[in-house]
$ cat run-v1.txt   # compact mmCIF, all heavy atoms
# COMPACT_ATOMS: atom_id res chain seq x y z
N MET A 20 -88.57 -129.63 -132.08
CA MET A 20 -88.48 -130.27 -133.36
C MET A 20 -87.56 -129.43 -134.25
O MET A 20 -87.70 -128.21 -134.31
CB MET A 20 -89.88 -130.37 -133.99
CG MET A 20 -89.88 -130.81 -135.43
SD MET A 20 -91.53 -131.00 -136.14
CE MET A 20 -91.98 -132.56 -135.46
N THR A 21 -86.63 -130.09 -134.90
CA THR A 21 -85.73 -129.38 -135.81
C THR A 21 -86.44 -129.12 -137.13
O THR A 21 -87.43 -129.77 -137.47
CB THR A 21 -84.46 -130.20 -136.08
OG1 THR A 21 -84.82 -131.37 -136.82
CG2 THR A 21 -83.74 -130.56 -134.79
N LEU A 22 -85.91 -128.16 -137.88
CA LEU A 22 -86.47 -127.87 -139.21
C LEU A 22 -86.34 -129.08 -140.13
O LEU A 22 -87.24 -129.37 -140.92
CB LEU A 22 -85.80 -126.65 -139.82
CG LEU A 22 -86.09 -125.33 -139.11
CD1 LEU A 22 -85.31 -124.19 -139.76
CD2 LEU A 22 -87.58 -125.02 -139.11
N SER A 23 -85.24 -129.79 -140.03
CA SER A 23 -85.05 -130.98 -140.86
C SER A 23 -86.08 -132.05 -140.53
O SER A 23 -86.65 -132.68 -141.44
CB SER A 23 -83.63 -131.54 -140.69
OG SER A 23 -82.68 -130.62 -141.15
N ALA A 24 -86.34 -132.25 -139.25
CA ALA A 24 -87.34 -133.24 -138.84
C ALA A 24 -88.74 -132.81 -139.29
O ALA A 24 -89.53 -133.63 -139.75
CB ALA A 24 -87.30 -133.43 -137.34
N MET A 25 -89.02 -131.54 -139.17
CA MET A 25 -90.33 -131.04 -139.59
C MET A 25 -90.50 -131.22 -141.09
O MET A 25 -91.55 -131.64 -141.56
CB MET A 25 -90.48 -129.58 -139.21
CG MET A 25 -91.84 -129.03 -139.49
SD MET A 25 -92.00 -127.36 -138.82
CE MET A 25 -93.66 -126.96 -139.32
N ALA A 26 -89.48 -130.90 -141.87
CA ALA A 26 -89.55 -131.08 -143.32
C ALA A 26 -89.77 -132.54 -143.68
O ALA A 26 -90.58 -132.86 -144.56
CB ALA A 26 -88.27 -130.55 -143.98
N ALA A 27 -89.11 -133.43 -142.99
CA ALA A 27 -89.29 -134.86 -143.25
C ALA A 27 -90.71 -135.29 -142.92
O ALA A 27 -91.32 -136.05 -143.68
CB ALA A 27 -88.28 -135.67 -142.43
N GLU A 28 -91.27 -134.82 -141.81
CA GLU A 28 -92.65 -135.15 -141.45
C GLU A 28 -93.65 -134.62 -142.47
O GLU A 28 -94.68 -135.23 -142.71
CB GLU A 28 -93.00 -134.56 -140.08
CG GLU A 28 -92.38 -135.29 -138.92
CD GLU A 28 -93.07 -136.61 -138.63
OE1 GLU A 28 -94.30 -136.70 -138.78
OE2 GLU A 28 -92.36 -137.56 -138.28
N MET A 29 -93.32 -133.48 -143.08
CA MET A 29 -94.20 -132.88 -144.09
C MET A 29 -93.98 -133.50 -145.46
O MET A 29 -94.71 -133.18 -146.39
CB MET A 29 -93.94 -131.37 -144.19
CG MET A 29 -94.38 -130.58 -143.00
SD MET A 29 -93.90 -128.84 -143.13
CE MET A 29 -94.74 -128.34 -144.63
N ASP A 30 -92.98 -134.36 -145.58
CA ASP A 30 -92.62 -134.96 -146.86
C ASP A 30 -92.28 -133.88 -147.88
O ASP A 30 -92.77 -133.87 -149.01
CB ASP A 30 -93.74 -135.86 -147.38
CG ASP A 30 -93.28 -136.75 -148.51
OD1 ASP A 30 -92.08 -137.10 -148.54
OD2 ASP A 30 -94.11 -137.11 -149.37
N THR A 31 -91.44 -132.94 -147.44
CA THR A 31 -91.02 -131.85 -148.31
C THR A 31 -89.55 -131.56 -148.05
O THR A 31 -88.93 -132.15 -147.16
CB THR A 31 -91.89 -130.60 -148.07
OG1 THR A 31 -91.66 -129.66 -149.11
CG2 THR A 31 -91.61 -129.95 -146.73
N SER A 32 -88.99 -130.65 -148.79
CA SER A 32 -87.58 -130.30 -148.62
C SER A 32 -87.42 -129.23 -147.55
O SER A 32 -88.36 -128.51 -147.20
CB SER A 32 -87.01 -129.78 -149.94
OG SER A 32 -87.60 -128.52 -150.26
N ARG A 33 -86.22 -129.14 -147.06
CA ARG A 33 -85.91 -128.09 -146.07
C ARG A 33 -86.05 -126.71 -146.71
O ARG A 33 -86.52 -125.77 -146.07
CB ARG A 33 -84.48 -128.33 -145.57
CG ARG A 33 -83.90 -127.27 -144.70
CD ARG A 33 -84.40 -127.39 -143.26
NE ARG A 33 -83.96 -126.26 -142.48
CZ ARG A 33 -82.80 -126.20 -141.84
NH1 ARG A 33 -81.98 -127.21 -141.86
NH2 ARG A 33 -82.48 -125.14 -141.16
N ALA A 34 -85.71 -126.59 -148.00
CA ALA A 34 -85.85 -125.31 -148.71
C ALA A 34 -87.32 -124.89 -148.77
O ALA A 34 -87.65 -123.71 -148.57
CB ALA A 34 -85.26 -125.41 -150.11
N GLN A 35 -88.22 -125.84 -149.05
CA GLN A 35 -89.65 -125.52 -149.09
C GLN A 35 -90.14 -125.10 -147.71
O GLN A 35 -90.91 -124.16 -147.59
CB GLN A 35 -90.46 -126.72 -149.59
CG GLN A 35 -91.96 -126.53 -149.54
CD GLN A 35 -92.48 -125.43 -150.44
OE1 GLN A 35 -91.85 -125.05 -151.41
NE2 GLN A 35 -93.62 -124.89 -150.10
N LEU A 36 -89.68 -125.77 -146.68
CA LEU A 36 -90.08 -125.40 -145.33
C LEU A 36 -89.60 -124.00 -145.00
O LEU A 36 -90.31 -123.21 -144.38
CB LEU A 36 -89.55 -126.41 -144.30
CG LEU A 36 -89.91 -126.11 -142.85
CD1 LEU A 36 -91.42 -126.00 -142.66
CD2 LEU A 36 -89.32 -127.15 -141.94
N ASN A 37 -88.39 -123.65 -145.42
CA ASN A 37 -87.89 -122.30 -145.20
C ASN A 37 -88.81 -121.26 -145.86
O ASN A 37 -89.05 -120.20 -145.29
CB ASN A 37 -86.46 -122.16 -145.72
CG ASN A 37 -85.47 -122.84 -144.82
OD1 ASN A 37 -85.73 -123.10 -143.65
ND2 ASN A 37 -84.31 -123.16 -145.36
N ARG A 38 -89.34 -121.58 -147.05
CA ARG A 38 -90.27 -120.66 -147.71
C ARG A 38 -91.58 -120.56 -146.92
O ARG A 38 -92.15 -119.47 -146.81
CB ARG A 38 -90.55 -121.12 -149.14
CG ARG A 38 -89.41 -120.85 -150.09
CD ARG A 38 -89.79 -121.09 -151.53
NE ARG A 38 -89.97 -122.51 -151.83
CZ ARG A 38 -88.99 -123.35 -152.13
NH1 ARG A 38 -87.74 -122.91 -152.18
NH2 ARG A 38 -89.24 -124.60 -152.40
N VAL A 39 -92.04 -121.67 -146.36
CA VAL A 39 -93.26 -121.65 -145.56
C VAL A 39 -93.09 -120.74 -144.35
O VAL A 39 -93.99 -119.98 -143.99
CB VAL A 39 -93.63 -123.08 -145.09
CG1 VAL A 39 -94.74 -123.05 -144.05
CG2 VAL A 39 -94.02 -123.95 -146.27
N LEU A 40 -91.94 -120.79 -143.74
CA LEU A 40 -91.68 -120.01 -142.53
C LEU A 40 -91.25 -118.57 -142.79
O LEU A 40 -91.15 -117.77 -141.86
CB LEU A 40 -90.62 -120.73 -141.69
CG LEU A 40 -91.01 -122.13 -141.22
CD1 LEU A 40 -89.84 -122.79 -140.50
CD2 LEU A 40 -92.25 -122.11 -140.35
N ASP A 41 -91.02 -118.22 -144.05
CA ASP A 41 -90.58 -116.87 -144.42
C ASP A 41 -91.79 -115.94 -144.54
O ASP A 41 -92.64 -116.14 -145.42
CB ASP A 41 -89.83 -116.92 -145.75
CG ASP A 41 -89.33 -115.57 -146.20
OD1 ASP A 41 -89.57 -114.55 -145.52
OD2 ASP A 41 -88.68 -115.51 -147.26
N PRO A 42 -91.91 -114.95 -143.67
CA PRO A 42 -93.08 -114.06 -143.73
C PRO A 42 -93.12 -113.21 -145.01
O PRO A 42 -94.15 -112.64 -145.34
CB PRO A 42 -92.94 -113.18 -142.49
CG PRO A 42 -91.50 -113.26 -142.11
CD PRO A 42 -91.00 -114.60 -142.60
N GLU A 43 -92.02 -113.13 -145.74
CA GLU A 43 -91.98 -112.36 -146.98
C GLU A 43 -92.37 -113.21 -148.20
O GLU A 43 -92.52 -112.68 -149.29
CB GLU A 43 -90.58 -111.78 -147.19
CG GLU A 43 -90.12 -110.85 -146.09
CD GLU A 43 -90.96 -109.58 -146.01
OE1 GLU A 43 -91.30 -109.03 -147.08
OE2 GLU A 43 -91.28 -109.15 -144.89
N ALA A 44 -92.51 -114.52 -148.03
CA ALA A 44 -92.84 -115.41 -149.14
C ALA A 44 -94.34 -115.38 -149.40
O ALA A 44 -95.14 -115.53 -148.48
CB ALA A 44 -92.38 -116.83 -148.84
N PHE A 45 -94.71 -115.20 -150.65
CA PHE A 45 -96.12 -115.12 -151.00
C PHE A 45 -96.58 -116.30 -151.86
O PHE A 45 -97.73 -116.36 -152.24
CB PHE A 45 -96.39 -113.82 -151.77
CG PHE A 45 -96.12 -112.60 -150.94
CD1 PHE A 45 -94.95 -111.88 -151.11
CD2 PHE A 45 -97.01 -112.19 -149.98
CE1 PHE A 45 -94.69 -110.76 -150.34
CE2 PHE A 45 -96.76 -111.07 -149.20
CZ PHE A 45 -95.60 -110.35 -149.38
N ASN A 46 -95.71 -117.23 -152.15
CA ASN A 46 -96.04 -118.32 -153.05
C ASN A 46 -96.21 -119.66 -152.32
O ASN A 46 -95.97 -120.70 -152.89
CB ASN A 46 -94.98 -118.45 -154.14
CG ASN A 46 -93.61 -118.73 -153.57
OD1 ASN A 46 -93.39 -118.54 -152.39
ND2 ASN A 46 -92.69 -119.19 -154.40
N VAL A 47 -96.68 -119.62 -151.11
CA VAL A 47 -96.89 -120.83 -150.33
C VAL A 47 -98.36 -121.24 -150.47
O VAL A 47 -99.26 -120.42 -150.31
CB VAL A 47 -96.55 -120.58 -148.84
CG1 VAL A 47 -96.81 -121.82 -148.01
CG2 VAL A 47 -95.11 -120.15 -148.70
N THR A 48 -98.59 -122.52 -150.74
CA THR A 48 -99.97 -122.98 -150.93
C THR A 48 -100.65 -123.27 -149.59
O THR A 48 -99.99 -123.51 -148.58
CB THR A 48 -100.01 -124.26 -151.79
OG1 THR A 48 -99.38 -125.32 -151.06
CG2 THR A 48 -99.31 -124.06 -153.12
N LEU A 49 -101.97 -123.27 -149.63
CA LEU A 49 -102.73 -123.62 -148.43
C LEU A 49 -102.47 -125.06 -148.03
O LEU A 49 -102.45 -125.38 -146.84
CB LEU A 49 -104.22 -123.39 -148.66
CG LEU A 49 -104.65 -121.94 -148.85
CD1 LEU A 49 -106.13 -121.86 -149.18
CD2 LEU A 49 -104.34 -121.12 -147.61
N GLU A 50 -102.28 -125.93 -149.00
CA GLU A 50 -101.97 -127.33 -148.72
C GLU A 50 -100.68 -127.45 -147.91
O GLU A 50 -100.61 -128.18 -146.93
CB GLU A 50 -101.85 -128.12 -150.02
CG GLU A 50 -101.40 -129.56 -149.83
CD GLU A 50 -102.37 -130.41 -149.03
OE1 GLU A 50 -103.58 -130.14 -149.09
OE2 GLU A 50 -101.92 -131.34 -148.34
N THR A 51 -99.65 -126.71 -148.31
CA THR A 51 -98.38 -126.74 -147.60
C THR A 51 -98.53 -126.18 -146.20
O THR A 51 -98.00 -126.73 -145.23
CB THR A 51 -97.31 -125.96 -148.39
OG1 THR A 51 -97.19 -126.53 -149.69
CG2 THR A 51 -95.97 -126.01 -147.69
N LEU A 52 -99.26 -125.09 -146.05
CA LEU A 52 -99.50 -124.52 -144.73
C LEU A 52 -100.28 -125.49 -143.85
O LEU A 52 -99.99 -125.64 -142.66
CB LEU A 52 -100.26 -123.20 -144.84
CG LEU A 52 -99.49 -122.03 -145.42
CD1 LEU A 52 -100.43 -120.84 -145.61
CD2 LEU A 52 -98.32 -121.65 -144.52
N SER A 53 -101.23 -126.20 -144.43
CA SER A 53 -102.00 -127.18 -143.69
C SER A 53 -101.13 -128.33 -143.21
O SER A 53 -101.25 -128.78 -142.06
CB SER A 53 -103.13 -127.71 -144.57
OG SER A 53 -103.90 -128.66 -143.88
N ARG A 54 -100.23 -128.82 -144.06
CA ARG A 54 -99.32 -129.89 -143.65
C ARG A 54 -98.40 -129.42 -142.53
O ARG A 54 -98.13 -130.16 -141.58
CB ARG A 54 -98.50 -130.38 -144.84
CG ARG A 54 -99.30 -131.20 -145.80
CD ARG A 54 -98.44 -131.91 -146.81
NE ARG A 54 -97.24 -131.20 -147.16
CZ ARG A 54 -96.77 -131.01 -148.38
NH1 ARG A 54 -97.40 -131.51 -149.41
NH2 ARG A 54 -95.67 -130.35 -148.60
N ALA A 55 -97.91 -128.19 -142.63
CA ALA A 55 -97.04 -127.65 -141.59
C ALA A 55 -97.78 -127.56 -140.26
O ALA A 55 -97.25 -127.92 -139.20
CB ALA A 55 -96.51 -126.28 -141.99
N ALA A 56 -99.02 -127.11 -140.30
CA ALA A 56 -99.81 -127.01 -139.08
C ALA A 56 -100.03 -128.38 -138.46
O ALA A 56 -99.92 -128.56 -137.25
CB ALA A 56 -101.15 -126.33 -139.39
N LYS A 57 -100.35 -129.36 -139.30
CA LYS A 57 -100.60 -130.72 -138.81
C LYS A 57 -99.38 -131.30 -138.10
O LYS A 57 -99.50 -131.95 -137.07
CB LYS A 57 -101.01 -131.61 -139.97
CG LYS A 57 -101.43 -132.99 -139.55
CD LYS A 57 -101.91 -133.79 -140.75
CE LYS A 57 -102.32 -135.19 -140.31
NZ LYS A 57 -102.77 -135.98 -141.45
N VAL A 58 -98.20 -131.04 -138.64
CA VAL A 58 -96.96 -131.57 -138.06
C VAL A 58 -96.74 -131.05 -136.64
O VAL A 58 -96.24 -131.77 -135.78
CB VAL A 58 -95.75 -131.24 -138.96
CG1 VAL A 58 -94.44 -131.46 -138.26
CG2 VAL A 58 -95.81 -132.07 -140.24
N VAL A 59 -97.14 -129.82 -136.38
CA VAL A 59 -96.95 -129.25 -135.04
C VAL A 59 -98.21 -129.37 -134.18
O VAL A 59 -98.36 -128.70 -133.16
CB VAL A 59 -96.46 -127.79 -135.10
CG1 VAL A 59 -95.07 -127.72 -135.71
CG2 VAL A 59 -97.44 -126.90 -135.84
N GLY A 60 -99.15 -130.23 -134.62
CA GLY A 60 -100.33 -130.50 -133.82
C GLY A 60 -101.42 -129.45 -133.89
O GLY A 60 -102.24 -129.34 -132.97
N ARG A 61 -101.45 -128.70 -134.95
CA ARG A 61 -102.46 -127.65 -135.12
C ARG A 61 -103.21 -127.89 -136.42
O ARG A 61 -102.91 -128.82 -137.16
CB ARG A 61 -101.80 -126.26 -135.16
CG ARG A 61 -100.90 -125.96 -133.98
CD ARG A 61 -101.62 -125.94 -132.69
NE ARG A 61 -102.43 -124.73 -132.63
CZ ARG A 61 -103.15 -124.38 -131.59
NH1 ARG A 61 -103.16 -125.12 -130.53
NH2 ARG A 61 -103.85 -123.29 -131.61
N ARG A 62 -104.17 -127.04 -136.72
CA ARG A 62 -104.86 -127.12 -138.00
C ARG A 62 -104.95 -125.73 -138.59
O ARG A 62 -104.88 -124.73 -137.86
CB ARG A 62 -106.24 -127.74 -137.86
CG ARG A 62 -107.20 -126.97 -137.02
CD ARG A 62 -108.52 -127.72 -136.86
NE ARG A 62 -109.41 -126.98 -136.01
CZ ARG A 62 -110.35 -126.13 -136.46
NH1 ARG A 62 -110.51 -125.95 -137.74
NH2 ARG A 62 -111.12 -125.47 -135.62
N LEU A 63 -105.07 -125.68 -139.89
CA LEU A 63 -105.15 -124.39 -140.58
C LEU A 63 -106.61 -124.00 -140.73
O LEU A 63 -107.45 -124.82 -141.13
CB LEU A 63 -104.50 -124.51 -141.96
CG LEU A 63 -104.52 -123.25 -142.82
CD1 LEU A 63 -103.66 -122.16 -142.19
CD2 LEU A 63 -104.04 -123.56 -144.22
N LYS A 64 -106.93 -122.77 -140.38
CA LYS A 64 -108.30 -122.26 -140.55
C LYS A 64 -108.21 -120.98 -141.36
O LYS A 64 -107.54 -120.02 -140.95
CB LYS A 64 -108.91 -121.99 -139.18
CG LYS A 64 -110.32 -121.45 -139.26
CD LYS A 64 -110.89 -121.22 -137.87
CE LYS A 64 -112.27 -120.63 -137.94
NZ LYS A 64 -112.81 -120.36 -136.60
N VAL A 65 -108.87 -120.98 -142.48
CA VAL A 65 -108.92 -119.79 -143.34
C VAL A 65 -110.33 -119.24 -143.26
O VAL A 65 -111.30 -119.96 -143.46
CB VAL A 65 -108.56 -120.15 -144.80
CG1 VAL A 65 -108.69 -118.92 -145.68
CG2 VAL A 65 -107.17 -120.73 -144.88
N GLU A 66 -110.43 -117.97 -142.95
CA GLU A 66 -111.74 -117.35 -142.79
C GLU A 66 -111.78 -116.05 -143.57
O GLU A 66 -110.91 -115.20 -143.44
CB GLU A 66 -111.99 -117.09 -141.30
CG GLU A 66 -113.33 -116.54 -140.99
CD GLU A 66 -113.55 -116.39 -139.51
OE1 GLU A 66 -112.64 -116.68 -138.71
OE2 GLU A 66 -114.64 -115.94 -139.13
N LEU A 67 -112.81 -115.92 -144.38
CA LEU A 67 -113.05 -114.67 -145.10
C LEU A 67 -114.21 -113.97 -144.43
O LEU A 67 -115.28 -114.54 -144.24
CB LEU A 67 -113.39 -114.96 -146.57
CG LEU A 67 -112.34 -115.70 -147.36
CD1 LEU A 67 -112.86 -116.05 -148.74
CD2 LEU A 67 -111.07 -114.88 -147.47
N VAL A 68 -113.99 -112.72 -144.03
CA VAL A 68 -115.05 -111.98 -143.34
C VAL A 68 -115.36 -110.70 -144.06
O VAL A 68 -114.62 -110.20 -144.83
CB VAL A 68 -114.67 -111.69 -141.86
CG1 VAL A 68 -114.62 -112.97 -141.07
CG2 VAL A 68 -113.38 -110.94 -141.77
$ encode --input "run-v1.txt" --output "structure tokens"
Amino acid sequence: MTLSAMAAEMDTSRAQLNRVLDPEAFNVTLETLSRAAKVVGRRLKVELV
């Protein structure tokens, strides 16, 4: 899957997707991470221990 196709599936911009994939970016929401996971057939799990 290309980044452009993934961004389209997430209903977001390619620039936003680049921020999601940037390990140095700290301003990504859980909602955005959840949509990204769903597009690639996964789900987001947040656990506080």
$ residues_around --input "run-v1.txt" --residues "range 39-45 of chain A" --least-positions-apart "2" --cutoff "5 Å" --atoms "all heavy atoms" --output "PyMOL selection string"
chain A and resi 22+29+35-37+47+51-52+55
$ select_by_dssp --input "run-v1.txt" --residues "chain A" --states "helix (DSSP H, G or I)" --output "list in words"
Leu22, Ser23, Ala24, Met25, Ala26, Ala27, Glu28, Met29, Arg33, Ala34, Gln35, Leu36, Asn37, Arg38, Val39, Leu40, Leu49, Glu50, Thr51, Leu52, Ser53, Arg54, Ala55, Ala56, Lys57 and Val58 of chain A
$ closest_residue --input "run-v1.txt" --among "A:Asn46, A:Arg33, A:Met20, A:Arg38" --to "Val58 in chain A" --atoms "all atoms listed in the file"
A:Met20
$ atom_distance --input "run-v1.txt" --atom1 "CB of Arg62 in chain A" --atom2 "atom N of Ser23 in chain A"
21.2 Å
$ closest_residue --input "run-v1.txt" --among "A:Ala34, A:Leu63, A:Ala27, A:Val68" --to "Leu49 in chain A" --atoms "all heavy atoms"
A:Leu63
$ decode --input "run-v1.txt" --residues "range 27-58 of chain A" --atoms "N, CA and C atoms" --output "short mmCIF file (atom, residue, chain, number, x, y, z; two decimals), in the first residue's frame"
data_model
loop_
_atom_site.label_atom_id
_atom_site.label_comp_id
_atom_site.auth_asym_id
_atom_site.auth_seq_id
_atom_site.Cartn_x
_atom_site.Cartn_y
_atom_site.Cartn_z
N ALA A 27 -5.55 8.28 1.89
CA ALA A 27 -6.91 8.36 1.35
C ALA A 27 -7.84 7.45 2.13
N GLU A 28 -7.40 6.23 2.47
CA GLU A 28 -8.22 5.32 3.26
C GLU A 28 -8.51 5.88 4.65
N MET A 29 -7.56 6.63 5.20
CA MET A 29 -7.73 7.23 6.52
C MET A 29 -8.52 8.53 6.46
N ASP A 30 -8.81 8.99 5.26
CA ASP A 30 -9.50 10.26 5.06
C ASP A 30 -8.70 11.40 5.70
N THR A 31 -7.40 11.41 5.39
CA THR A 31 -6.52 12.44 5.91
C THR A 31 -5.53 12.82 4.83
N SER A 32 -4.70 13.78 5.12
CA SER A 32 -3.71 14.24 4.14
C SER A 32 -2.44 13.39 4.24
N ARG A 33 -1.67 13.45 3.19
CA ARG A 33 -0.38 12.75 3.19
C ARG A 33 0.55 13.36 4.24
N ALA A 34 0.46 14.68 4.44
CA ALA A 34 1.29 15.35 5.45
C ALA A 34 0.95 14.83 6.86
N GLN A 35 -0.35 14.65 7.15
CA GLN A 35 -0.75 14.11 8.45
C GLN A 35 -0.25 12.69 8.62
N LEU A 36 -0.33 11.90 7.58
CA LEU A 36 0.16 10.52 7.65
C LEU A 36 1.66 10.51 7.91
N ASN A 37 2.40 11.42 7.28
CA ASN A 37 3.83 11.51 7.54
C ASN A 37 4.11 11.79 9.02
N ARG A 38 3.28 12.64 9.65
CA ARG A 38 3.44 12.92 11.08
C ARG A 38 3.14 11.66 11.91
N VAL A 39 2.14 10.90 11.50
CA VAL A 39 1.80 9.66 12.22
C VAL A 39 2.98 8.70 12.18
N LEU A 40 3.63 8.61 11.05
CA LEU A 40 4.73 7.66 10.88
C LEU A 40 6.08 8.17 11.39
N ASP A 41 6.14 9.43 11.79
CA ASP A 41 7.39 10.04 12.28
C ASP A 41 7.58 9.71 13.76
N PRO A 42 8.60 8.93 14.11
CA PRO A 42 8.80 8.57 15.52
C PRO A 42 9.15 9.76 16.41
N GLU A 43 9.53 10.88 15.82
CA GLU A 43 9.86 12.07 16.59
C GLU A 43 8.64 12.97 16.84
N ALA A 44 7.52 12.67 16.20
CA ALA A 44 6.31 13.49 16.34
C ALA A 44 5.57 13.11 17.61
N PHE A 45 5.21 14.11 18.40
CA PHE A 45 4.54 13.85 19.66
C PHE A 45 3.10 14.36 19.67
N ASN A 46 2.64 14.93 18.58
CA ASN A 46 1.31 15.54 18.55
C ASN A 46 0.31 14.72 17.75
N VAL A 47 0.45 13.43 17.75
CA VAL A 47 -0.46 12.55 17.02
C VAL A 47 -1.52 12.05 18.00
N THR A 48 -2.79 12.12 17.59
CA THR A 48 -3.87 11.70 18.49
C THR A 48 -4.07 10.19 18.44
N LEU A 49 -4.68 9.67 19.49
CA LEU A 49 -5.01 8.25 19.52
C LEU A 49 -6.00 7.90 18.43
N GLU A 50 -6.91 8.81 18.12
CA GLU A 50 -7.87 8.59 17.05
C GLU A 50 -7.16 8.38 15.72
N THR A 51 -6.16 9.21 15.43
CA THR A 51 -5.41 9.09 14.19
C THR A 51 -4.63 7.79 14.16
N LEU A 52 -4.01 7.43 15.26
CA LEU A 52 -3.28 6.15 15.33
C LEU A 52 -4.23 4.98 15.14
N SER A 53 -5.42 5.07 15.70
CA SER A 53 -6.41 4.01 15.55
C SER A 53 -6.85 3.86 14.10
N ARG A 54 -7.07 4.97 13.41
CA ARG A 54 -7.45 4.90 11.99
C ARG A 54 -6.33 4.30 11.17
N ALA A 55 -5.08 4.67 11.47
CA ALA A 55 -3.94 4.12 10.73
C ALA A 55 -3.86 2.61 10.94
N ALA A 56 -4.05 2.16 12.16
CA ALA A 56 -4.01 0.73 12.45
C ALA A 56 -5.11 0.00 11.70
N LYS A 57 -6.31 0.56 11.69
CA LYS A 57 -7.44 -0.07 11.01
C LYS A 57 -7.18 -0.25 9.52
N VAL A 58 -6.56 0.74 8.90
CA VAL A 58 -6.28 0.69 7.46
C VAL A 58 -5.36 -0.47 7.12
#
